[in-house]
Each structure stands twice: as C-alpha cells, then as structure tokens.
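Q: Below are the structure tokens for one structure; questions will follow.
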Amino acid sequence: MEPYDELYKMIVIEHGVEADKKFEFDGYYLTVADYIQAVSDRGGYKKVLAVLRMIDHPNIETFVKGAIHKIIQETLAGNKDFVNYYKPIIKKVS
C-alpha cells in the first residue's frame, strides 16, 4: 500500500477525520489531506503511523491538528526544514 493510502485509511476511513477539514493557525491553514500528502512526500509516514497506532481513537484528530499547527508555526518562523516544502502549500484564511 502506498504511504498516502495507508495514512488516509487510518486517519480518514478508520478514525473518521474528514479529509477536507481545515486546521488553522495564525491566519493560515492546511487540510487533513494536505497533511497526509506532506507526510507521505517527506518520508515521515512510518513514524506518524507508529504514533497513530498508539493513540486512542478520540485523540487522532487532536494529534493531526497539533501537527498541522506545528507545521504552520515553523513555516511562518522561517525554519528551513519546513519553508521549502510547506510555504507553497499553506493557505491564507480568507
């Protein structure tokens, strides 16, 4: 199974977090689908899957929300590990 599909299955299908759900931070947002794609593209999906397997069902959405907040925060702060990938995909809240 492809990384995106595996994460999508766990987060969206098994735990019911909507793929188009937006999580905002400081006037910007990413969707759950954006987050899944980013983790898949950047190679961190195995670590995320391991963490998700240890989290109780009600806390999956909280984990994803926290991860998205951290991504946006680090991108806006200019962290080079985040800026190159995430700056083009984070969206400004209108």
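Here, A, B, ... name the chains of the structure tokens in the order displayed, residue numbers run from 1 inside each chain, and ligands are numbered from 1 in the same displayed order.
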Quick one: residues within 12 Å of segment 42-50 of chain A, only C-alpha atoms, excluding same-chain residues fewer than 5 positions away - as number ranges by chain?
A: A: 2-11, 35-37, 55, 60, 63-64, 67, 81-82, 84-86
Q: What does the distance from atom CA of Ile72 of chain A to atom CA of Val39 of chain A come to in Å, to one decimal?
A: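 Distance reported for this atom pair: 13.7 Å.
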Q: Would you please work out which residue, of A:Glu74, A:Glu14, A:Asp56, A:Asp34, is nearest to Lys91 of chain A when using only C-alpha atoms?
A: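 Residue with the minimum atom-to-atom distance to Lys91 of chain A: A:Asp34.
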Q: Would you mind listing what lies within 9 Å of Glu61 of chain A as a ChimeraX atom specification, with only C-alpha atoms counted and same-chain residues fewer than 6 positions away left out?
A: /A:11,15-17
Q: Those same residues, written as an mmCIF file, in the first residue's frame with N, CA, C and O atoms?
A:
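Generated output (result32.cif):
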data_model
loop_
_atom_site.group_PDB
_atom_site.id
_atom_site.type_symbol
_atom_site.label_atom_id
_atom_site.label_comp_id
_atom_site.auth_asym_id
_atom_site.auth_seq_id
_atom_site.Cartn_x
_atom_site.Cartn_y
_atom_site.Cartn_z
ATOM 1 N N ILE A 11 -6.369 7.581 9.103
ATOM 2 C CA ILE A 11 -6.876 8.849 9.631
ATOM 3 C C ILE A 11 -8.320 9.107 9.210
ATOM 4 O O ILE A 11 -9.162 9.453 10.037
ATOM 5 N N HIS A 15 -10.696 6.373 11.391
ATOM 6 C CA HIS A 15 -10.935 7.263 12.530
ATOM 7 C C HIS A 15 -11.881 8.411 12.212
ATOM 8 O O HIS A 15 -12.193 9.217 13.091
ATOM 9 N N GLY A 16 -12.337 8.506 10.990
ATOM 10 C CA GLY A 16 -13.396 9.446 10.651
ATOM 11 C C GLY A 16 -13.047 10.918 10.629
ATOM 12 O O GLY A 16 -13.929 11.767 10.695
ATOM 13 N N VAL A 17 -11.765 11.244 10.525
ATOM 14 C CA VAL A 17 -11.383 12.652 10.406
ATOM 15 C C VAL A 17 -11.583 13.044 8.943
ATOM 16 O O VAL A 17 -11.061 12.388 8.046
#
Q: Counting only C-alpha atoms, which of A:Met1, A:Val83, A:Val32, A:Val93 gets nearest to Thr62 of chain A?
A: A:Val32
Q: Can you work out which one of A:Ile71, A:Leu52, A:Ala77, A:Ile90 has the shortest atom-to-atom distance to Gly27 of chain A, counting only C-alpha atoms?
A: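 With only C-alpha atoms as the atom set, the closest residue is A:Ile90.
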Q: What's around Lys22 of chain A at 9 Å? Count only C-alpha atoms, leave out sequence neighbours fewer than 4 positions away in its own chain, and write the answer as JSON, numbers by chain.
A: {"A": [18, 29, 30, 31, 32, 65]}
Q: With all heavy atoms retained, write the just-selected residues as a CSV table (one decimal), in the first residue's frame.
A:
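For reference, selection-v4.csv as written:
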chain,number,residue,atom,x,y,z
A,18,GLU,N,-12.3,14.1,8.7
A,18,GLU,CA,-12.7,14.5,7.3
A,18,GLU,C,-11.4,15.0,6.6
A,18,GLU,O,-10.7,15.8,7.1
A,18,GLU,CB,-13.7,15.6,7.3
A,18,GLU,CG,-15.0,15.1,7.9
A,18,GLU,CD,-16.0,16.3,8.0
A,18,GLU,OE1,-15.9,17.3,7.2
A,18,GLU,OE2,-16.9,16.2,8.8
A,29,TYR,N,-3.9,27.9,7.1
A,29,TYR,CA,-4.4,26.6,7.3
A,29,TYR,C,-3.9,25.6,6.4
A,29,TYR,O,-3.4,25.9,5.3
A,29,TYR,CB,-6.0,26.6,7.3
A,29,TYR,CG,-6.5,26.7,5.9
A,29,TYR,CD1,-6.8,25.5,5.1
A,29,TYR,CD2,-6.8,27.9,5.3
A,29,TYR,CE1,-7.3,25.6,3.8
A,29,TYR,CE2,-7.3,28.0,4.0
A,29,TYR,CZ,-7.6,26.9,3.3
A,29,TYR,OH,-8.1,27.0,2.0
A,30,LEU,N,-4.0,24.3,6.8
A,30,LEU,CA,-3.8,23.1,5.9
A,30,LEU,C,-5.0,22.2,6.2
A,30,LEU,O,-5.6,22.2,7.3
A,30,LEU,CB,-2.5,22.4,6.3
A,30,LEU,CG,-1.2,22.9,5.9
A,30,LEU,CD1,-0.1,22.1,6.6
A,30,LEU,CD2,-1.0,23.0,4.4
A,31,THR,N,-5.3,21.5,5.2
A,31,THR,CA,-6.4,20.5,5.4
A,31,THR,C,-5.7,19.2,5.8
A,31,THR,O,-4.5,19.0,5.7
A,31,THR,CB,-7.2,20.2,4.1
A,31,THR,OG1,-6.3,19.6,3.1
A,31,THR,CG2,-7.8,21.5,3.5
A,32,VAL,N,-6.6,18.3,6.3
A,32,VAL,CA,-6.1,16.9,6.7
A,32,VAL,C,-5.4,16.3,5.5
A,32,VAL,O,-4.4,15.6,5.6
A,32,VAL,CB,-7.2,16.1,7.3
A,32,VAL,CG1,-6.8,14.7,7.5
A,32,VAL,CG2,-7.7,16.8,8.6
A,65,LYS,N,-4.3,17.9,14.3
A,65,LYS,CA,-4.4,19.3,14.5
A,65,LYS,C,-3.1,19.9,15.0
A,65,LYS,O,-2.6,20.9,14.6
A,65,LYS,CB,-5.6,19.6,15.4
A,65,LYS,CG,-5.8,21.1,15.7
A,65,LYS,CD,-7.0,21.3,16.6
A,65,LYS,CE,-7.2,22.8,16.9
A,65,LYS,NZ,-8.3,23.0,17.8
Q: What's the separation between atom CA of Pro88 of chain A and atom CA of Thr75 of chain A, in Å to one decimal place?
A: 10.1 Å
Q: I'd like the interatomic distance between atom CA of Leu76 of chain A and atom CA of Pro58 of chain A, to a tenth of an Å.
A: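 About the pair atom CA of Leu76 of chain A and atom CA of Pro58 of chain A: they are 28.8 Å apart.
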Q: I need the strand (DSSP E or B) residues of chain A per DSSP on the backbone, written as number ranges by chain.
A: A: 22-25, 28-31, 91-92
Q: Where in segment 25-83 of chain A does DSSP assign helix (DSSP H, G or I), given as an NGL selection string?
A: :A and (32-42 or 45-54 or 57-76 or 80-83)
Q: For Ile89 of chain A, which of A:Val12, A:Tyr28, A:Ala19, A:His57 is the closest residue, counting only C-alpha atoms?
A: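 Among the listed residues, A:Tyr28 lies closest to Ile89 of chain A.
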